[in-house]
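What follows is the content of work37.cif (mmCIF, C-alpha atoms).
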```cif
data_run
#
loop_
_atom_site.label_atom_id
_atom_site.label_comp_id
_atom_site.auth_asym_id
_atom_site.auth_seq_id
_atom_site.Cartn_x
_atom_site.Cartn_y
_atom_site.Cartn_z
CA MET M 1 -5.90 -17.99 -3.18
CA ARG M 2 -8.42 -16.17 -1.02
CA ALA M 3 -8.93 -12.44 -1.48
CA ALA M 4 -11.29 -9.58 -0.61
CA VAL M 5 -13.21 -8.89 -3.81
CA TRP M 6 -15.46 -5.99 -4.88
CA HIS M 7 -18.90 -7.11 -6.10
CA GLY M 8 -20.76 -3.81 -6.00
CA MET M 9 -21.53 -0.85 -3.80
CA ARG M 10 -21.25 -1.97 -0.16
CA ASP M 11 -20.68 -5.54 -1.31
CA VAL M 12 -17.24 -6.93 -0.47
CA ARG M 13 -16.81 -10.71 -0.28
CA VAL M 14 -13.89 -13.05 0.27
CA ASP M 15 -13.58 -15.26 -2.81
CA THR M 16 -11.20 -17.80 -4.24
CA VAL M 17 -9.32 -16.21 -7.15
CA ALA M 18 -6.37 -17.18 -9.32
CA ASP M 19 -2.92 -16.99 -7.76
CA PRO M 20 -0.77 -14.17 -9.17
CA LYS M 21 2.23 -15.07 -11.31
CA ILE M 22 5.46 -13.37 -12.38
CA GLU M 23 4.63 -11.41 -15.53
CA GLU M 24 7.66 -9.12 -15.93
CA PRO M 25 11.34 -9.62 -15.03
CA THR M 26 11.08 -7.00 -12.27
CA ASP M 27 8.04 -8.61 -10.58
CA ALA M 28 7.99 -10.35 -7.22
CA ILE M 29 5.34 -12.46 -5.52
CA ILE M 30 4.75 -11.69 -1.85
CA ARG M 31 2.93 -13.98 0.57
CA ILE M 32 0.92 -11.54 2.66
CA THR M 33 1.18 -11.81 6.43
CA THR M 34 -0.73 -8.61 7.29
CA SER M 35 -2.74 -6.15 5.21
CA GLY M 36 -4.52 -3.02 6.40
CA LEU M 37 -8.01 -1.70 5.76
CA CYS M 38 -7.64 1.97 4.85
CA GLY M 39 -10.15 4.81 5.03
CA SER M 40 -9.66 5.34 1.31
CA ASP M 41 -10.78 1.73 0.72
CA LEU M 42 -14.17 2.93 1.90
CA HIS M 43 -14.31 5.31 -1.05
CA LEU M 44 -14.29 2.23 -3.29
CA TYR M 45 -16.90 0.63 -1.08
CA GLU M 46 -19.32 3.41 -1.99
CA ILE M 47 -18.36 6.74 -3.58
CA LEU M 48 -15.97 5.57 -6.31
CA GLY M 49 -17.98 2.46 -7.12
CA PRO M 50 -18.54 3.56 -10.73
CA PHE M 51 -14.80 3.17 -11.32
CA MET M 52 -14.71 -0.40 -9.99
CA ARG M 53 -15.24 -3.67 -11.80
CA GLU M 54 -16.84 -6.72 -10.27
CA GLY M 55 -14.07 -9.09 -9.27
CA ASP M 56 -11.48 -6.40 -8.44
CA VAL M 57 -9.24 -7.44 -5.54
CA LEU M 58 -9.01 -4.71 -2.90
CA GLY M 59 -6.33 -3.45 -0.54
CA HIS M 60 -3.10 -1.45 -0.66
CA GLU M 61 -1.39 -1.75 2.75
CA PRO M 62 0.59 -5.01 2.61
CA MET M 63 3.52 -6.63 4.25
CA GLY M 64 4.69 -10.18 3.96
CA VAL M 65 7.46 -12.53 2.87
CA VAL M 66 8.98 -12.76 -0.61
CA GLU M 67 7.97 -16.03 -2.23
CA GLU M 68 9.31 -15.56 -5.76
CA VAL M 69 11.33 -12.95 -7.64
CA GLY M 70 11.73 -12.26 -11.34
CA PRO M 71 15.17 -12.40 -13.01
CA GLY M 72 15.38 -8.59 -13.10
CA VAL M 73 15.06 -8.14 -9.36
CA SER M 74 18.26 -7.60 -7.42
CA GLY M 75 18.59 -6.80 -3.72
CA LEU M 76 15.52 -8.90 -2.86
CA ALA M 77 15.51 -12.61 -2.19
CA VAL M 78 13.04 -15.35 -1.39
CA GLY M 79 12.36 -15.29 2.35
CA ASP M 80 12.93 -11.54 2.80
CA ARG M 81 10.39 -9.81 5.01
CA VAL M 82 9.06 -6.70 3.27
CA VAL M 83 6.57 -3.86 3.41
CA VAL M 84 5.15 -2.79 0.05
CA PRO M 85 4.26 0.88 -0.62
CA PHE M 86 0.71 1.45 -1.82
CA GLN M 87 1.83 3.11 -5.05
CA ILE M 88 3.81 1.37 -7.78
CA ALA M 89 6.88 3.34 -8.81
CA CYS M 90 9.98 2.61 -10.87
CA GLY M 91 12.49 4.60 -8.81
CA SER M 92 14.42 5.88 -11.82
CA CYS M 93 12.25 8.34 -13.76
CA PHE M 94 12.27 12.14 -13.42
CA MET M 95 9.39 12.17 -10.93
CA CYS M 96 10.82 9.42 -8.74
CA ASP M 97 14.14 11.31 -8.70
CA GLN M 98 12.20 14.32 -7.34
CA GLY M 99 10.79 12.18 -4.51
CA LEU M 100 7.36 12.25 -6.17
CA GLN M 101 6.75 8.53 -6.48
CA THR M 102 2.98 8.98 -6.77
CA GLN M 103 3.67 10.79 -10.05
CA CYS M 104 5.97 8.06 -11.42
CA GLU M 105 6.27 8.55 -15.18
CA THR M 106 6.71 4.83 -15.78
CA THR M 107 3.48 3.74 -14.11
CA GLN M 108 1.26 6.81 -14.64
CA VAL M 109 -2.25 5.76 -15.67
CA ARG M 110 -2.26 8.04 -18.70
CA ASP M 111 -5.52 6.84 -20.22
CA GLN M 112 -7.25 8.18 -17.09
CA GLY M 113 -5.06 11.27 -16.76
CA MET M 114 -3.92 10.05 -13.32
CA GLY M 115 -0.63 9.57 -11.50
CA ALA M 116 1.17 6.37 -10.55
CA ALA M 117 -0.69 3.07 -10.46
CA LEU M 118 -1.91 1.96 -7.04
CA PHE M 119 -2.61 -1.49 -5.69
CA GLY M 120 -6.28 -2.40 -5.48
CA TYR M 121 -7.64 1.02 -6.41
CA SER M 122 -10.03 1.09 -9.36
CA THR M 123 -9.69 1.79 -13.07
CA LEU M 124 -8.55 5.32 -12.21
CA TYR M 125 -5.28 3.91 -10.90
CA GLY M 126 -4.67 1.00 -13.20
CA SER M 127 -6.93 -1.81 -11.90
CA VAL M 128 -3.94 -3.52 -10.28
CA PRO M 129 -5.02 -6.46 -8.08
CA GLY M 130 -4.78 -5.51 -4.43
CA ALA M 131 -3.26 -6.72 -1.20
CA GLN M 132 -6.18 -7.93 0.91
CA ALA M 133 -5.29 -11.40 -0.27
CA GLU M 134 -3.00 -14.32 0.45
CA LEU M 135 -0.58 -13.43 -2.37
CA LEU M 136 0.35 -10.22 -4.17
CA ARG M 137 2.16 -9.63 -7.43
CA VAL M 138 4.44 -6.61 -6.96
CA PRO M 139 5.57 -4.84 -10.15
CA HIS M 140 8.87 -2.93 -10.01
CA ALA M 141 9.96 -5.03 -7.06
CA ASP M 142 13.53 -3.97 -7.81
CA TYR M 143 12.57 -0.64 -6.18
CA GLY M 144 9.29 -0.69 -4.25
CA PRO M 145 9.44 -3.22 -1.40
CA VAL M 146 11.12 -2.12 1.83
CA LYS M 147 13.05 -4.84 3.66
CA VAL M 148 12.44 -4.89 7.42
CA PRO M 149 14.04 -6.94 10.19
CA ASP M 150 12.75 -10.35 11.21
CA GLY M 151 11.48 -10.65 14.76
CA PRO M 152 9.22 -7.72 15.70
CA SER M 153 5.51 -8.18 15.06
CA ASP M 154 3.98 -6.98 11.81
CA ASP M 155 2.36 -4.11 13.74
CA ARG M 156 5.80 -2.55 14.06
CA PHE M 157 6.22 -2.17 10.28
CA VAL M 158 2.96 -2.66 8.34
CA TYR M 159 2.09 1.04 8.60
CA LEU M 160 5.11 1.88 6.44
CA SER M 161 2.95 0.84 3.48
CA ASP M 162 0.66 3.86 3.86
CA VAL M 163 -0.32 5.24 7.29
CA LEU M 164 3.09 6.38 8.50
CA PRO M 165 4.41 8.00 5.29
CA THR M 166 0.99 9.54 4.60
CA ALA M 167 0.84 11.14 8.04
CA TRP M 168 4.53 12.10 7.84
CA GLN M 169 3.94 13.88 4.56
CA ALA M 170 0.85 15.60 5.99
CA VAL M 171 2.95 17.04 8.83
CA SER M 172 5.87 17.90 6.56
CA TYR M 173 3.61 19.75 4.13
CA ALA M 174 1.97 21.57 7.07
CA ALA M 175 5.29 23.29 7.81
CA ILE M 176 4.50 23.69 11.52
CA PRO M 177 6.99 26.06 13.17
CA GLN M 178 9.00 24.62 16.06
CA GLY M 179 6.79 25.11 19.10
CA GLY M 180 3.93 26.23 16.85
CA SER M 181 0.36 25.08 16.58
CA VAL M 182 -1.53 22.67 14.35
CA ALA M 183 -5.15 21.57 14.17
CA VAL M 184 -5.85 18.14 12.69
CA ILE M 185 -9.36 17.67 11.34
CA GLY M 186 -10.34 14.02 11.47
CA LEU M 187 -8.81 11.54 13.93
CA GLY M 188 -9.05 8.39 11.88
CA PRO M 189 -5.79 6.48 11.31
CA ILE M 190 -4.09 9.25 9.29
CA GLY M 191 -5.25 12.13 11.46
CA ASP M 192 -4.41 10.26 14.65
CA MET M 193 -0.92 9.41 13.41
CA SER M 194 -0.45 12.99 12.19
CA THR M 195 -1.01 14.29 15.72
CA ARG M 196 1.59 11.86 17.05
CA ILE M 197 4.17 12.87 14.45
CA ALA M 198 3.50 16.58 15.04
CA GLN M 199 4.09 16.06 18.77
CA LEU M 200 7.28 14.11 18.09
CA GLN M 201 8.59 16.84 15.78
CA GLY M 202 8.11 19.61 18.33
CA ALA M 203 4.72 21.21 17.76
CA GLY M 204 3.75 23.16 20.87
CA THR M 205 -0.03 22.93 20.50
CA VAL M 206 -1.68 19.96 18.79
CA ILE M 207 -5.45 20.15 18.43
CA GLY M 208 -7.54 17.24 17.16
CA LEU M 209 -11.13 17.43 15.94
CA ASP M 210 -13.56 14.61 15.31
CA VAL M 211 -17.15 13.58 15.98
CA VAL M 212 -16.50 10.00 17.11
CA PRO M 213 -16.11 9.69 20.90
CA GLU M 214 -13.69 6.74 20.72
CA ARG M 215 -11.38 8.66 18.41
CA LEU M 216 -11.45 11.74 20.62
CA GLU M 217 -10.62 9.70 23.72
CA ARG M 218 -7.82 7.82 21.96
CA SER M 219 -6.11 11.09 20.99
CA ARG M 220 -6.77 12.74 24.35
CA ALA M 221 -4.95 9.85 26.02
CA ARG M 222 -1.83 10.80 24.04
CA GLY M 223 -1.93 14.44 25.08
CA VAL M 224 -3.78 15.91 22.11
CA ASP M 225 -6.08 18.85 22.89
CA VAL M 226 -9.27 17.42 21.42
CA ILE M 227 -12.44 19.19 20.35
CA ASP M 228 -15.76 17.50 19.58
CA ALA M 229 -16.61 18.84 16.11
CA ARG M 230 -20.32 18.39 16.80
CA ASP M 231 -20.22 21.40 19.11
CA ASP M 232 -21.65 24.64 17.76
CA ASP M 233 -18.67 26.77 18.77
CA VAL M 234 -15.86 24.79 17.11
CA LEU M 235 -14.25 27.82 15.49
CA GLU M 236 -14.32 29.75 18.75
CA ALA M 237 -12.81 26.79 20.60
CA VAL M 238 -9.92 26.57 18.12
CA LEU M 239 -9.31 30.32 18.28
CA ASP M 240 -9.31 30.19 22.08
CA LYS M 241 -6.50 27.63 22.00
CA THR M 242 -4.38 29.68 19.57
CA ASP M 243 -4.37 33.23 20.99
CA GLY M 244 -7.34 34.22 18.85
CA ARG M 245 -5.38 33.94 15.57
CA GLY M 246 -5.97 30.34 14.58
CA PRO M 247 -3.31 27.63 14.30
CA ASP M 248 -0.15 28.03 12.24
CA ALA M 249 -1.22 25.00 10.23
CA VAL M 250 -4.27 22.84 9.67
CA ILE M 251 -4.19 19.25 8.40
CA ASP M 252 -7.34 18.07 6.62
CA ALA M 253 -7.31 14.31 7.21
CA VAL M 254 -10.96 13.85 6.24
CA GLY M 255 -11.20 14.52 2.51
CA MET M 256 -14.40 13.62 0.71
CA GLU M 257 -15.50 11.25 3.50
CA ALA M 258 -16.50 7.64 3.04
CA HIS M 259 -20.10 8.48 2.13
CA GLY M 260 -19.50 11.52 -0.08
CA SER M 261 -22.01 14.16 -1.04
CA ARG M 262 -25.66 13.77 -1.96
CA GLY M 263 -24.71 14.42 -5.56
CA ALA M 264 -22.17 11.62 -5.50
CA LYS M 265 -24.72 9.19 -4.11
CA ALA M 266 -27.14 10.14 -6.86
CA ALA M 267 -24.43 9.57 -9.46
CA GLN M 268 -23.60 6.15 -8.06
CA ARG M 269 -27.17 5.03 -8.19
CA LEU M 270 -27.47 5.86 -11.87
CA THR M 271 -25.36 2.85 -12.75
CA SER M 272 -22.32 0.87 -11.66
CA LEU M 273 -20.83 0.51 -15.16
CA PRO M 274 -17.45 2.27 -15.53
CA ASP M 275 -18.36 3.75 -18.94
CA ALA M 276 -21.80 5.05 -18.07
CA ALA M 277 -23.36 8.27 -16.81
CA ALA M 278 -22.05 8.00 -13.25
CA VAL M 279 -18.43 8.05 -14.38
CA LYS M 280 -19.02 10.98 -16.73
CA LEU M 281 -20.77 12.95 -14.01
CA MET M 282 -18.07 12.25 -11.42
CA GLN M 283 -15.31 13.24 -13.86
CA ARG M 284 -16.88 16.66 -14.40
CA ALA M 285 -18.76 17.55 -11.23
CA GLY M 286 -18.08 18.22 -7.59
CA VAL M 287 -18.74 15.06 -5.60
CA ASP M 288 -17.09 16.00 -2.31
CA ARG M 289 -18.40 17.07 1.04
CA LEU M 290 -16.19 20.06 1.67
CA THR M 291 -17.03 20.64 5.32
CA ALA M 292 -13.57 19.71 6.59
CA LEU M 293 -11.74 21.79 3.99
CA HIS M 294 -13.92 24.84 4.64
CA LEU M 295 -13.27 24.42 8.37
CA ALA M 296 -9.54 24.32 7.65
CA ILE M 297 -9.78 27.57 5.71
CA ASP M 298 -11.73 29.18 8.55
CA PHE M 299 -9.39 27.87 11.27
CA VAL M 300 -5.93 28.56 9.91
CA ARG M 301 -4.28 31.83 10.85
CA ARG M 302 -3.54 34.44 8.23
CA GLY M 303 -0.36 33.47 6.43
CA GLY M 304 -0.72 29.88 7.66
CA THR M 305 -0.60 26.57 5.83
CA ILE M 306 -3.24 23.97 5.03
CA SER M 307 -2.03 20.44 4.36
CA ILE M 308 -4.64 18.27 2.64
CA ILE M 309 -4.00 14.55 3.03
CA GLY M 310 -7.62 13.36 3.00
CA VAL M 311 -8.60 12.14 -0.46
CA TYR M 312 -10.81 14.35 -2.63
CA GLY M 313 -12.42 13.21 -5.87
CA GLY M 314 -14.43 16.11 -7.27
CA MET M 315 -13.44 17.83 -10.49
CA ALA M 316 -15.47 21.02 -10.00
CA ASP M 317 -15.73 21.55 -6.26
CA PRO M 318 -16.41 25.19 -5.29
CA MET M 319 -13.63 26.89 -3.33
CA PRO M 320 -13.68 30.17 -1.37
CA MET M 321 -10.89 31.73 -3.39
CA LEU M 322 -11.44 35.21 -1.97
CA THR M 323 -10.78 33.94 1.56
CA LEU M 324 -7.78 31.85 0.52
CA PHE M 325 -6.25 34.84 -1.26
CA ASP M 326 -7.11 37.41 1.40
CA LYS M 327 -5.72 35.29 4.24
CA GLN M 328 -2.56 34.45 2.24
CA ILE M 329 -3.07 30.78 2.91
CA GLN M 330 -0.57 28.29 1.54
CA VAL M 331 -2.05 24.94 0.47
CA ARG M 332 -0.18 21.69 -0.14
CA MET M 333 -1.70 18.32 -0.91
CA GLY M 334 -1.30 14.99 -2.64
CA GLN M 335 -0.98 11.25 -2.25
CA ALA M 336 1.93 10.30 -0.03
CA ASN M 337 5.24 9.54 -1.73
CA VAL M 338 6.03 6.51 0.40
CA ARG M 339 9.65 5.90 -0.54
CA ARG M 340 10.42 9.61 -0.03
CA TRP M 341 9.81 9.28 3.72
CA VAL M 342 10.88 5.72 4.57
CA ASP M 343 14.43 6.63 5.61
CA ASP M 344 13.06 9.23 8.04
CA ILE M 345 10.54 6.86 9.61
CA LEU M 346 12.27 3.47 9.73
CA PRO M 347 14.66 4.39 12.59
CA LEU M 348 11.63 5.18 14.77
CA LEU M 349 10.41 1.61 14.31
CA SER M 350 13.69 -0.24 14.72
CA GLY M 351 14.52 0.47 18.37
CA GLU M 352 13.09 -0.96 21.56
CA ASP M 353 10.99 2.13 22.25
CA ASP M 354 7.81 2.91 20.32
CA PRO M 355 7.54 6.72 20.09
CA LEU M 356 4.60 6.68 17.68
CA GLY M 357 2.62 3.95 19.42
CA VAL M 358 2.51 1.61 16.43
CA ASP M 359 2.54 -1.57 18.51
CA ASP M 360 -1.01 -0.96 19.73
CA PHE M 361 -2.23 1.32 16.92
CA ALA M 362 -4.64 -1.27 15.49
CA THR M 363 -8.04 -1.55 17.14
CA HIS M 364 -8.98 -4.76 15.32
CA ARG M 365 -6.97 -7.72 13.99
CA LEU M 366 -9.21 -9.99 11.96
CA PRO M 367 -8.93 -13.00 9.69
CA LEU M 368 -9.12 -12.07 6.03
CA GLU M 369 -12.27 -14.17 5.79
CA GLU M 370 -14.09 -11.48 7.81
CA ALA M 371 -13.24 -8.67 5.38
CA GLY M 372 -16.82 -8.14 4.20
CA ASP M 373 -18.11 -7.52 7.71
CA ALA M 374 -15.04 -5.42 8.53
CA TYR M 375 -15.75 -2.99 5.68
CA SER M 376 -19.29 -2.47 6.96
CA MET M 377 -18.11 -2.06 10.56
CA PHE M 378 -15.41 0.44 9.60
CA GLN M 379 -17.70 2.55 7.43
CA LYS M 380 -20.35 2.71 10.15
CA LYS M 381 -17.69 3.44 12.80
CA GLU M 382 -19.00 0.57 14.91
CA ASP M 383 -17.24 -1.27 17.75
CA GLY M 384 -14.63 1.47 18.11
CA ALA M 385 -13.09 0.55 14.76
CA ILE M 386 -10.27 2.94 13.93
CA LYS M 387 -7.61 0.74 12.35
CA VAL M 388 -8.29 -2.76 11.06
CA LEU M 389 -5.59 -5.26 10.08
CA PHE M 390 -6.27 -8.49 8.19
CA GLN M 391 -4.27 -11.67 8.56
CA PRO M 392 -4.78 -14.19 5.74
#
```
What would the structure in this file look like if it were written as structure tokens?
Amino acid sequence: MRAAVWHGMRDVRVDTVADPKIEEPTDAIIRITTSGLCGSDLHLYEILGPFMREGDVLGHEPMGVVEEVGPGVSGLAVGDRVVVPFQIACGSCFMCDQGLQTQCETTQVRDQGMGAALFGYSTLYGSVPGAQAELLRVPHADYGPVKVPDGPSDDRFVYLSDVLPTAWQAVSYAAIPQGGSVAVIGLGPIGDMSTRIAQLQGAGTVIGLDVVPERLERSRARGVDVIDARDDDVLEAVLDKTDGRGPDAVIDAVGMEAHGSRGAKAAQRLTSLPDAAAVKLMQRAGVDRLTALHLAIDFVRRGGTISIIGVYGGMADPMPMLTLFDKQIQVRMGQANVRRWVDDILPLLSGEDDPLGVDDFATHRLPLEEAGDAYSMFQKKEDGAIKVLFQP
């Protein structure tokens, strides 16, 4: 089969690789019809390169059609149309019962001290072959895949794999009061969708911040009060829109950014071997640009909530603990627990209306063969690229 394969920092190619096969009774094989390119894939493209191995298949936002099921899979049949969550969870352990599928005790990558295994996401998360491919082996297919109706285009459902539940969790963790205010830092796919969900759930003031003109205009068109974060008076602008107090909640949808800190770049360039100095440095040092998080701490009102949904990777990042404590800020964060939110989201996708604008959410739909160029375009924010979908 053809697949997007990691060959080194900023080097993604589409190669012919071996077809996946059923390995466990609870496996399924999915023929991919659409797979997304995620902002966190860009971390593998550069920052987290030391944790990658040449030949790793990328991608974790798949949907497709079931081609084969193992003997231990019930409730799923050949020909079913499914979306596959980005994390691999068993659905029956203590953590899954708590709705914390990204902490699944069955698939935790214990040798790395990490949570549940993820598709296409480095040695840190199990080195499981990813979904930017023609076929995908899905472990624990007796629980993970979400069946969706035939008929509507893939755009209606593909975002259930990651974007929608991630943004839904970001808004849920933000605990925005009814009619209250929220500022979303970063209007990439997750930040953009977070503003839409906050509006749908009754936030009175939704502020979006970014530095990319196309992203600002896209959110402005949906009624978001946007602020260009390149302006010198960003804090004053946010305070002006929130009675001088700051918003009730701030969502950090940026995280460590796709190009990381200067220290992270230096670490990467030491070596690309997973067991060498770069890995050791990144496991012990701060490798994140913390601009967005520090802005969130500055913005949020006293007693407010910060919801961190952007991915951070540093182990020793400095934090302004005095300010966090003095302002009585509540902080929630973590990878999205996809299955936890599916039942809330699916009804919004199943009707004739489209309240979250998923039908035209993608800015680019490309053949899988163009994945290498798409990674470069997305990282450089060229051609208005905000959300890219691949079709094998």
(request) Between M:Gly310, M:Gly204, M:Pro320, M:Gly39, single out the one closest to Ile185 (chain M), counting all atoms listed in the file. (result) M:Gly310
(request) Could you check how far CA of Asp210 (chain M) sits from CA of Leu124 (chain M), in Å to one decimal? (result) 29.5 Å
(request) Compile the contact shell of Val184 (chain M) as a PyMOL selection string: residues with an atom at most 9 Å away, counting all atoms listed in the file, same-chain residues fewer than 3 positions apart removed. (result) chain M and resi 187+191-192+194-195+206-210+249-253+296
(request) For Ile345 (chain M), please output as a list in words all residues within 9 Å (counting all atoms listed in the file; exclusion window: fewer than 6 positions along the same chain). (result) Leu160, Leu164, Pro165 and Trp168 of chain M
(request) Could you list the residues chosen by the PyMOL selection byres ((chain M and resi 161) around 10) in this structure as a PyMOL selection string? (result) chain M and resi 35-36+60-63+82-87+145-146+157-160+162-166+338-339+342
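Here the PyMOL selection byres ((chain M and resi 41) around 9) captures the residues M:Leu37, M:Cys38, M:Gly39, M:Ser40, M:Leu42, M:His43, M:Leu44, M:Tyr45, M:Leu58, M:Gly59, M:His60, M:Gly120, M:Tyr121, M:Ala258, M:Tyr375.
Interatomic distance, CA of Gly334 (chain M) against CA of Arg53 (chain M): 25.0 Å.
Restricting the calculation to only C-alpha atoms, the smallest distance between Leu136 (chain M) and any of M:Leu293, M:Ala116, M:Val66, M:Ile47 is found for M:Val66.
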(request) Please measure the separation of CA of Thr26 (chain M) and CA of Pro139 (chain M), giving the value in Å to one decimal. (result) 6.3 Å
(request) Convert the output of the PyMOL selection byres ((chain M and resi 1) around 7) on the shown file into explicit residues, formatted as a PyMOL selection string. (result) chain M and resi 2-3+16-19+134
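At a cut-off of 12 Å from (-3.4, 35.3, -0.2), the residue set is Ile297, Arg301, Arg302, Gly303, Gly304, Thr305, Pro320, Met321, Leu322, Thr323, Leu324, Phe325, Asp326, Lys327, Gln328, Ile329, Gln330 and Val331 of chain M (counting only C-alpha atoms).
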Using all atoms listed in the file, which protein or nucleic acid residues come within 7 Å of Thr33 (chain M)? Drop anything in the same chain fewer than 6 positions from it, and give the result as an mmCIF file with C-alpha atoms, in the frame of the given file.
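The resulting part.cif:
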```cif
data_model
loop_
_atom_site.group_PDB
_atom_site.id
_atom_site.type_symbol
_atom_site.label_atom_id
_atom_site.label_comp_id
_atom_site.auth_asym_id
_atom_site.auth_seq_id
_atom_site.Cartn_x
_atom_site.Cartn_y
_atom_site.Cartn_z
ATOM 1 C CA MET M 63 3.520 -6.630 4.250
ATOM 2 C CA GLY M 64 4.690 -10.180 3.960
ATOM 3 C CA GLN M 391 -4.270 -11.670 8.560
ATOM 4 C CA PRO M 392 -4.780 -14.190 5.740
#
```
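Of the residues under consideration (M:Asp11, M:Val78, M:Val69, M:Thr34), M:Asp11 shows the shortest atom-to-atom contact distance to Asp56 (chain M) when counting all atoms listed in the file.
Among the candidates M:Ala4, M:Val238, M:Leu389, M:Ala131, the one nearest to Leu295 (chain M) when counting only C-alpha atoms is M:Val238.
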(request) Tell me which of M:Asp373, M:Ser74, M:Ser122, M:Ala28 sits closest to Pro50 (chain M), counting all atoms listed in the file. (result) M:Ser122
(message) Show me the residues around (8.8, 17.9, 18.8) - criterion: an atom at most 12 Å away, only C-alpha atoms counted - as a VMD selection string.
(response) chain M and resid 171 176 to 181 195 to 206 355
